[in-house]
$ cat start-v3.cif   # mmCIF, C-alpha atoms
data_model
#
loop_
_atom_site.label_atom_id
_atom_site.label_comp_id
_atom_site.auth_asym_id
_atom_site.auth_seq_id
_atom_site.Cartn_x
_atom_site.Cartn_y
_atom_site.Cartn_z
CA MET A 1 0.00 0.00 0.00
CA ARG A 2 2.78 2.39 0.89
CA ARG A 3 4.53 1.64 -2.40
CA ARG A 4 1.32 2.34 -4.35
CA HIS A 5 0.79 5.62 -2.48
CA PHE A 6 4.41 6.70 -3.14
CA ALA A 7 4.18 5.72 -6.83
CA GLY A 8 0.97 7.69 -7.21
CA TRP A 9 2.49 10.73 -5.52
CA LEU A 10 5.65 10.55 -7.68
CA ALA A 11 3.61 10.30 -10.89
CA GLY A 12 1.53 13.29 -9.88
CA ALA A 13 4.63 15.32 -9.08
CA LEU A 14 6.25 14.50 -12.42
CA LEU A 15 3.07 15.43 -14.31
CA ALA A 16 2.86 18.71 -12.43
CA ARG A 17 6.42 19.84 -13.28
CA PRO A 18 5.81 20.68 -16.97
CA LEU A 19 2.74 22.67 -16.01
CA ALA A 20 4.82 24.79 -13.66
CA ALA A 21 7.43 25.35 -16.36
CA GLN A 22 4.72 26.56 -18.73
CA SER A 23 3.32 29.14 -16.34
CA PRO A 24 3.51 32.66 -17.83
CA SER A 25 6.51 34.78 -16.83
CA PRO A 26 5.83 38.18 -15.24
CA GLU A 27 5.53 41.14 -17.58
CA PRO A 28 8.79 43.13 -17.89
CA LYS A 29 8.80 46.40 -16.03
CA PRO A 30 8.95 49.51 -18.23
CA ALA A 31 12.23 51.41 -18.24
CA PRO A 32 12.20 54.30 -15.78
CA ALA A 33 11.36 57.61 -17.42
CA GLY A 34 14.03 60.29 -17.47
CA GLU A 35 13.83 63.36 -15.28
CA PRO A 36 11.67 65.95 -17.08
CA VAL A 37 13.38 69.10 -18.32
CA ASP A 38 12.52 71.73 -20.90
CA LEU A 39 15.70 71.27 -22.95
CA GLU A 40 18.69 68.93 -23.24
CA LEU A 41 21.64 71.06 -24.35
CA VAL A 42 25.07 69.86 -25.48
CA LEU A 43 27.67 72.64 -25.39
CA LEU A 44 30.57 71.98 -27.79
CA VAL A 45 33.74 74.09 -27.58
CA ASP A 46 36.44 74.12 -30.24
CA ALA A 47 39.78 72.81 -28.95
CA SER A 48 41.56 72.41 -32.28
CA ALA A 49 45.09 73.66 -32.85
CA SER A 50 43.95 75.74 -35.81
CA ILE A 51 42.14 78.26 -33.60
CA THR A 52 43.84 81.23 -31.98
CA ALA A 53 46.11 80.30 -29.08
CA GLY A 54 44.23 80.51 -25.79
CA ALA A 55 40.83 80.41 -27.50
CA LEU A 56 39.71 77.28 -25.62
CA ASP A 57 40.26 78.92 -22.24
CA PHE A 58 38.54 82.03 -23.56
CA GLN A 59 35.49 79.98 -24.62
CA LEU A 60 35.25 78.35 -21.20
CA ARG A 61 35.48 81.65 -19.34
CA GLY A 62 32.85 83.07 -21.67
CA HIS A 63 30.46 80.21 -20.95
CA ALA A 64 30.98 80.63 -17.21
CA ALA A 65 30.19 84.34 -17.45
CA ALA A 66 27.10 83.67 -19.59
CA PHE A 67 25.60 81.22 -17.09
CA ARG A 68 26.08 83.77 -14.34
CA ASP A 69 23.99 86.29 -16.27
CA GLU A 70 20.65 87.06 -14.61
CA LYS A 71 18.73 86.88 -17.90
CA VAL A 72 20.08 83.38 -18.58
CA LYS A 73 19.17 82.30 -15.05
CA ALA A 74 15.63 83.62 -15.50
CA ALA A 75 15.26 81.76 -18.81
CA ILE A 76 16.41 78.50 -17.20
CA ALA A 77 13.73 78.70 -14.50
CA ALA A 78 10.91 80.02 -16.70
CA GLY A 79 9.99 76.85 -18.64
CA PRO A 80 6.97 74.67 -17.84
CA ARG A 81 9.21 71.88 -16.54
CA GLY A 82 11.27 74.24 -14.43
CA GLY A 83 14.77 73.51 -15.68
CA ILE A 84 17.15 72.36 -18.38
CA ALA A 85 19.82 69.65 -18.67
CA VAL A 86 23.33 70.61 -19.82
CA THR A 87 26.57 68.84 -20.66
CA MET A 88 29.80 70.29 -22.07
CA ALA A 89 32.37 68.66 -24.36
CA ARG A 90 35.46 69.71 -26.32
CA PHE A 91 36.37 68.64 -29.85
CA ASP A 92 39.28 68.84 -32.25
CA GLY A 93 40.15 66.00 -34.66
CA PRO A 94 37.81 63.30 -35.97
CA HIS A 95 36.04 61.34 -33.20
CA SER A 96 37.96 63.14 -30.48
CA LEU A 97 34.95 64.35 -28.49
CA LYS A 98 35.75 64.55 -24.79
CA VAL A 99 33.12 65.29 -22.16
CA LEU A 100 34.32 68.01 -19.81
CA LEU A 101 31.17 68.17 -17.67
CA PRO A 102 28.63 65.33 -17.49
CA TRP A 103 24.88 65.92 -17.68
CA ARG A 104 23.36 67.95 -14.87
CA ARG A 105 20.04 69.65 -14.25
CA LEU A 106 19.90 73.41 -13.88
CA ALA A 107 16.70 74.73 -12.32
CA ASN A 108 17.58 77.98 -10.56
CA ALA A 109 20.22 80.65 -10.08
CA ALA A 110 22.24 78.56 -7.64
CA ASP A 111 22.43 75.70 -10.15
CA ALA A 112 23.59 78.08 -12.88
CA ASP A 113 26.28 79.55 -10.63
CA ALA A 114 27.47 76.06 -9.68
CA PHE A 115 27.65 75.11 -13.36
CA ALA A 116 29.69 78.24 -14.09
CA GLU A 117 32.17 77.27 -11.37
CA ALA A 118 32.38 73.73 -12.77
CA VAL A 119 33.11 75.11 -16.25
CA LEU A 120 36.04 77.13 -14.91
CA ALA A 121 37.38 74.07 -13.09
CA ALA A 122 36.95 71.69 -16.05
CA PRO A 123 40.14 69.86 -17.15
CA ALA A 124 40.10 71.36 -20.63
CA GLY A 125 43.69 70.61 -21.68
CA GLN A 126 45.39 72.30 -24.62
CA GLU A 127 44.37 73.09 -28.18
CA THR A 128 45.39 70.22 -30.44
CA GLY A 129 44.55 68.47 -33.69
CA SER A 130 42.41 69.50 -36.63
CA THR A 131 38.94 71.05 -36.70
CA ALA A 132 36.45 68.21 -37.25
CA VAL A 133 33.09 69.96 -36.92
CA GLY A 134 31.06 67.21 -38.63
CA SER A 135 32.53 64.45 -36.47
CA ALA A 136 31.89 66.53 -33.34
CA VAL A 137 28.20 66.96 -34.19
CA LEU A 138 27.77 63.28 -35.03
CA ASP A 139 29.50 62.14 -31.83
CA ALA A 140 27.49 64.64 -29.79
CA LEU A 141 24.28 62.90 -30.87
CA GLU A 142 25.38 59.90 -28.81
CA LEU A 143 25.46 62.01 -25.66
CA PHE A 144 21.67 62.23 -25.61
CA LYS A 145 21.40 58.47 -25.20
CA GLY A 146 21.21 57.57 -21.54
CA SER A 147 21.35 61.20 -20.43
CA GLY A 148 18.83 60.42 -17.68
CA PHE A 149 16.56 63.25 -18.80
CA ASP A 150 13.37 63.56 -20.82
CA SER A 151 12.67 66.70 -22.82
CA PRO A 152 10.67 67.91 -25.81
CA ARG A 153 13.77 69.57 -27.30
CA GLN A 154 17.36 68.46 -27.83
CA THR A 155 20.00 70.92 -29.06
CA ILE A 156 23.70 70.85 -29.93
CA ASP A 157 25.35 74.24 -29.44
CA ILE A 158 28.72 74.54 -31.20
CA VAL A 159 31.16 77.41 -30.69
CA SER A 160 34.14 77.90 -33.01
CA ASN A 161 36.18 80.41 -34.94
CA GLY A 162 37.21 77.95 -37.64
CA PHE A 163 35.85 75.78 -40.42
CA SER A 164 35.84 71.98 -40.71
CA ASN A 165 39.09 70.68 -42.22
CA ALA A 166 39.00 67.01 -41.21
CA GLY A 167 36.62 64.14 -40.56
CA LEU A 168 33.00 63.80 -41.60
CA ASP A 169 31.39 66.31 -43.95
CA PRO A 170 29.40 68.65 -41.66
CA THR A 171 26.37 68.44 -43.96
CA LEU A 172 26.13 64.69 -43.34
CA ALA A 173 26.27 65.23 -39.58
CA ARG A 174 23.64 67.96 -39.86
CA ASP A 175 21.36 65.60 -41.79
CA ALA A 176 21.84 62.89 -39.16
CA ALA A 177 20.92 65.36 -36.42
CA GLU A 178 17.80 66.48 -38.27
CA THR A 179 16.74 62.85 -38.73
CA ALA A 180 17.16 62.31 -34.97
CA GLY A 181 15.06 65.42 -34.22
CA VAL A 182 18.05 67.31 -32.81
CA THR A 183 18.68 70.99 -33.57
CA VAL A 184 22.23 72.18 -34.26
CA ASN A 185 22.99 75.85 -33.55
CA ALA A 186 26.28 77.72 -33.80
CA LEU A 187 28.07 80.74 -32.45
CA VAL A 188 31.02 81.72 -34.63
CA ILE A 189 33.77 84.14 -33.68
CA LEU A 190 34.82 86.23 -36.66
CA ASP A 191 38.32 87.11 -35.44
CA GLU A 192 40.01 85.10 -38.21
CA TYR A 193 37.51 84.38 -40.99
CA ASP A 194 34.83 86.97 -41.65
CA TRP A 195 32.88 84.59 -43.94
CA LEU A 196 32.20 81.94 -41.27
CA GLU A 197 28.57 82.93 -40.67
CA GLY A 198 27.54 81.91 -44.18
CA TYR A 199 29.62 78.73 -43.99
CA TYR A 200 27.95 77.57 -40.77
CA ARG A 201 24.53 78.55 -42.06
CA GLN A 202 24.97 76.44 -45.19
CA GLN A 203 27.08 73.56 -43.89
CA VAL A 204 26.56 73.05 -40.15
CA ILE A 205 23.29 74.16 -38.56
CA GLY A 206 20.01 72.33 -38.99
CA GLY A 207 16.77 71.30 -37.33
CA ILE A 208 13.76 73.18 -36.03
CA GLY A 209 14.55 76.84 -35.39
CA ALA A 210 18.28 76.40 -36.12
CA PHE A 211 20.33 79.60 -36.17
CA VAL A 212 23.83 81.07 -36.29
CA ARG A 213 24.96 83.89 -34.02
CA THR A 214 28.21 85.80 -34.51
CA ALA A 215 30.70 87.63 -32.36
CA GLU A 216 32.99 90.07 -34.14
CA GLY A 217 35.73 89.31 -31.64
CA ARG A 218 36.42 88.45 -28.05
CA ASP A 219 34.98 91.69 -26.72
CA SER A 220 31.49 90.84 -27.97
CA PHE A 221 31.65 87.08 -27.37
CA ILE A 222 29.98 86.94 -23.96
CA GLN A 223 27.02 89.09 -24.96
CA ALA A 224 26.54 87.06 -28.15
CA LEU A 225 26.67 83.85 -26.10
CA ILE A 226 24.13 85.18 -23.58
CA ALA A 227 21.69 86.06 -26.37
CA LYS A 228 22.23 82.68 -27.99
CA LEU A 229 21.60 80.72 -24.78
CA ILE A 230 18.41 82.65 -24.06
CA ASP A 231 17.10 81.98 -27.57
CA GLU A 232 17.85 78.27 -27.19
CA ILE A 233 16.38 77.92 -23.73
CA VAL A 234 13.12 79.79 -24.27
#

$ encode --input "start-v3.cif" --output "structure tokens"
Amino acid sequence: MRRRHFAGWLAGALLARPLAAQSPSPEPKPAPAGEPVDLELVLLVDASASITAGALDFQLRGHAAAFRDEKVKAAIAAGPRGGIAVTMARFDGPHSLKVLLPWRRLANAADADAFAEAVLAAPAGQETGSTAVGSAVLDALELFKGSGFDSPRQTIDIVSNGFSNAGLDPTLARDAAETAGVTVNALVILDEYDWLEGYYRQQVIGGIGAFVRTAEGRDSFIQALIAKLIDEIV
């Protein structure tokens, strides 16, 4: 009797095992949504050897001053989501993009001041290599992936006083950005080439509302950058 009871129990257990294996697996959890912001902004600064000596440091100090401006601070806080996300990177030769400051959220004046201090302390290095504008824009598109933020607008903001002389054709990078829904804007410093505005307008910028701003030289750079940031943010 005991043997028959054990045999019956064993058969039932073996029959039950495939049923357990066929039970439906739990539904996968959706990926967590990014932190909402009004804009994801990639700031690209030209670190190529072809620009004027000391121009990289000048660009960084200009960005720090611009983010300390009260009008820029007001624009950052004025959006419906109450802030923007910003990262900064340098570029020179093809596929040389180096992130100087990782993504961070700016929501108020204190955040903007802290970002300005971080810009001044960034390990920028020296100017080196060629000026690969197209490669910089294409590589910057990758920075939006896994940024940790969610926004209705994504913008690449490139600052330079030179033209692309290496790497990917800037028009191809512009087209890739437009396909991805990313706007590319530019601020060009006309201290070496007075025709750069037209070049960037035709070859580099693209996307919804894309524009070029110019600074005649270093004296007007900060004010041009302030106006540019406000236009992008609002």

$ resolve_selection --input "start-v3.cif" --expression "the PyMOL selection byres ((chain A and resi 178) around 12)" --output "list of chain:residue names"
A:Val137, A:Leu138, A:Leu141, A:Gln154, A:Thr155, A:Ile156, A:Thr171, A:Leu172, A:Ala173, A:Arg174, A:Asp175, A:Ala176, A:Ala177, A:Thr179, A:Ala180, A:Gly181, A:Val182, A:Thr183, A:Val184, A:Asn185, A:Val204, A:Ile205, A:Gly206, A:Gly207, A:Ile208, A:Gly209, A:Ala210

$ residues_near_point --input "start-v3.cif" --point "(29.0, 85.1, -13.1)" --cutoff "9 Å" --atoms "only C-alpha atoms" --output "number ranges by chain"
A: 64-70, 112-113, 116-117

$ atom_distance --input "start-v3.cif" --atom1 "CA of Glu197 (chain A)" --atom2 "CA of Ala224 (chain A)"
13.3 Å

$ atom_distance --input "start-v3.cif" --atom1 "CA of Ser147 (chain A)" --atom2 "CA of Val99 (chain A)"
12.6 Å

$ atom_distance --input "start-v3.cif" --atom1 "CA of Asp157 (chain A)" --atom2 "CA of Leu43 (chain A)"
4.9 Å

$ resolve_selection --input "start-v3.cif" --expression "the PyMOL selection byres ((chain A and resi 101) around 10)" --output "list in words"
Leu43, Val86, Thr87, Met88, Ala89, Arg90, Lys98, Val99, Leu100, Pro102, Trp103, Arg104, Phe115, Ala118, Val119, Ala121, Ala122, Pro123 and Ala124 of chain A

$ resolve_selection --input "start-v3.cif" --expression "the PyMOL selection byres ((chain A and resi 126) around 8)" --output "list of chain:residue names"
A:Ala47, A:Leu56, A:Ala124, A:Gly125, A:Glu127, A:Thr128

$ residues_around --input "start-v3.cif" --residues "Gly82 (chain A)" --least-positions-apart "4" --cutoff "8 Å" --atoms "all atoms listed in the file" --output "NGL selection string"
:A and (37-38 or 76-78 or 107)

$ write_last_selection --input "start-v3.cif" --atoms "C-alpha atoms" --output "PDB file, in the frame of the given file"
ATOM      1  CA  VAL A  37      13.380  69.100 -18.320  1.00  0.00           C
ATOM      2  CA  ASP A  38      12.520  71.730 -20.900  1.00  0.00           C
ATOM      3  CA  ILE A  76      16.410  78.500 -17.200  1.00  0.00           C
ATOM      4  CA  ALA A  77      13.730  78.700 -14.500  1.00  0.00           C
ATOM      5  CA  ALA A  78      10.910  80.020 -16.700  1.00  0.00           C
ATOM      6  CA  ALA A 107      16.700  74.730 -12.320  1.00  0.00           C
TER       7      ALA A 107
END

$ closest_residue --input "start-v3.cif" --among "A:Ala85, A:Ala215, A:Leu229, A:Ala49" --to "Leu143 (chain A)" --atoms "all atoms listed in the file"
A:Ala85

$ closest_residue --input "start-v3.cif" --among "A:Phe58, A:Tyr200, A:Trp195, A:Phe211" --to "Ser164 (chain A)" --atoms "all atoms listed in the file"
A:Tyr200

$ closest_residue --input "start-v3.cif" --among "A:Leu168, A:Val42, A:Val133, A:Ala74" --to "Asn108 (chain A)" --atoms "all atoms listed in the file"
A:Ala74

$ closest_residue --input "start-v3.cif" --among "A:Arg105, A:Lys145, A:Arg218, A:Lys228" --to "Val72 (chain A)" --atoms "only C-alpha atoms"
A:Lys228

$ decode --input "start-v3.cif" --residues "region 187-213 of chain A" --atoms "N, CA, C and O atoms" --output "compact mmCIF listing (two decimals), in the first residue's frame"
# COMPACT_ATOMS: atom_id res chain seq x y z
N LEU A 187 27.58 79.40 -32.71
CA LEU A 187 28.07 80.74 -32.45
C LEU A 187 29.48 80.79 -33.02
O LEU A 187 30.36 80.03 -32.57
N VAL A 188 29.71 81.64 -34.00
CA VAL A 188 31.02 81.72 -34.63
C VAL A 188 31.68 83.05 -34.29
O VAL A 188 31.03 84.10 -34.25
N ILE A 189 32.98 82.97 -34.01
CA ILE A 189 33.77 84.14 -33.68
C ILE A 189 34.52 84.55 -34.95
O ILE A 189 35.26 83.76 -35.53
N LEU A 190 34.31 85.78 -35.37
CA LEU A 190 34.82 86.23 -36.66
C LEU A 190 36.17 86.94 -36.53
O LEU A 190 36.44 87.91 -37.24
N ASP A 191 37.03 86.45 -35.63
CA ASP A 191 38.32 87.11 -35.44
C ASP A 191 39.36 86.66 -36.44
O ASP A 191 40.43 87.27 -36.55
N GLU A 192 39.06 85.58 -37.20
CA GLU A 192 40.01 85.10 -38.21
C GLU A 192 39.39 85.02 -39.61
O GLU A 192 40.05 85.35 -40.59
N TYR A 193 38.16 84.57 -39.69
CA TYR A 193 37.51 84.38 -40.99
C TYR A 193 36.16 85.10 -40.97
O TYR A 193 35.22 84.66 -40.29
N ASP A 194 36.05 86.18 -41.71
CA ASP A 194 34.83 86.97 -41.65
C ASP A 194 33.67 86.36 -42.43
O ASP A 194 32.55 86.86 -42.38
N TRP A 195 33.92 85.24 -43.14
CA TRP A 195 32.88 84.59 -43.94
C TRP A 195 32.26 83.38 -43.22
O TRP A 195 31.46 82.65 -43.80
N LEU A 196 32.63 83.17 -41.97
CA LEU A 196 32.20 81.94 -41.27
C LEU A 196 30.69 81.86 -41.06
O LEU A 196 30.13 80.76 -41.01
N GLU A 197 30.02 82.99 -40.91
CA GLU A 197 28.57 82.93 -40.67
C GLU A 197 27.87 82.21 -41.80
O GLU A 197 27.04 81.31 -41.57
N GLY A 198 28.16 82.57 -43.04
CA GLY A 198 27.54 81.91 -44.18
C GLY A 198 27.92 80.45 -44.27
O GLY A 198 27.08 79.60 -44.61
N TYR A 199 29.17 80.13 -43.96
CA TYR A 199 29.62 78.73 -43.99
C TYR A 199 28.82 77.88 -43.01
O TYR A 199 28.34 76.79 -43.35
N TYR A 200 28.69 78.35 -41.78
CA TYR A 200 27.95 77.57 -40.77
C TYR A 200 26.46 77.50 -41.10
O TYR A 200 25.81 76.48 -40.84
N ARG A 201 25.94 78.56 -41.69
CA ARG A 201 24.53 78.55 -42.06
C ARG A 201 24.25 77.50 -43.14
O ARG A 201 23.24 76.81 -43.11
N GLN A 202 25.16 77.36 -44.07
CA GLN A 202 24.97 76.44 -45.19
C GLN A 202 25.42 75.01 -44.89
O GLN A 202 24.83 74.06 -45.40
N GLN A 203 26.44 74.86 -44.05
CA GLN A 203 27.08 73.56 -43.89
C GLN A 203 26.83 72.86 -42.55
O GLN A 203 26.96 71.65 -42.46
N VAL A 204 26.51 73.63 -41.50
CA VAL A 204 26.56 73.05 -40.15
C VAL A 204 25.21 73.01 -39.45
O VAL A 204 24.81 71.95 -38.93
N ILE A 205 24.51 74.12 -39.38
CA ILE A 205 23.29 74.16 -38.56
C ILE A 205 22.14 73.42 -39.24
O ILE A 205 22.13 73.25 -40.47
N GLY A 206 21.17 73.00 -38.44
CA GLY A 206 20.01 72.33 -38.99
C GLY A 206 19.02 72.00 -37.89
O GLY A 206 19.32 72.07 -36.70
N GLY A 207 17.81 71.64 -38.28
CA GLY A 207 16.77 71.30 -37.33
C GLY A 207 15.80 72.45 -37.11
O GLY A 207 15.96 73.54 -37.66
N ILE A 208 14.80 72.19 -36.28
CA ILE A 208 13.76 73.18 -36.03
C ILE A 208 14.33 74.42 -35.35
O ILE A 208 14.97 74.33 -34.31
N GLY A 209 14.11 75.57 -35.98
CA GLY A 209 14.55 76.84 -35.39
C GLY A 209 16.04 77.05 -35.37
O GLY A 209 16.53 77.91 -34.62
N ALA A 210 16.81 76.30 -36.16
CA ALA A 210 18.28 76.40 -36.12
C ALA A 210 18.75 77.80 -36.50
O ALA A 210 18.14 78.46 -37.36
N PHE A 211 19.83 78.27 -35.87
CA PHE A 211 20.33 79.60 -36.17
C PHE A 211 21.84 79.68 -35.94
O PHE A 211 22.43 78.84 -35.26
N VAL A 212 22.43 80.72 -36.52
CA VAL A 212 23.83 81.07 -36.29
C VAL A 212 23.88 82.44 -35.65
O VAL A 212 23.19 83.37 -36.08
N ARG A 213 24.68 82.59 -34.61
CA ARG A 213 24.96 83.89 -34.02
C ARG A 213 26.45 84.18 -34.23
O ARG A 213 27.26 83.25 -34.34
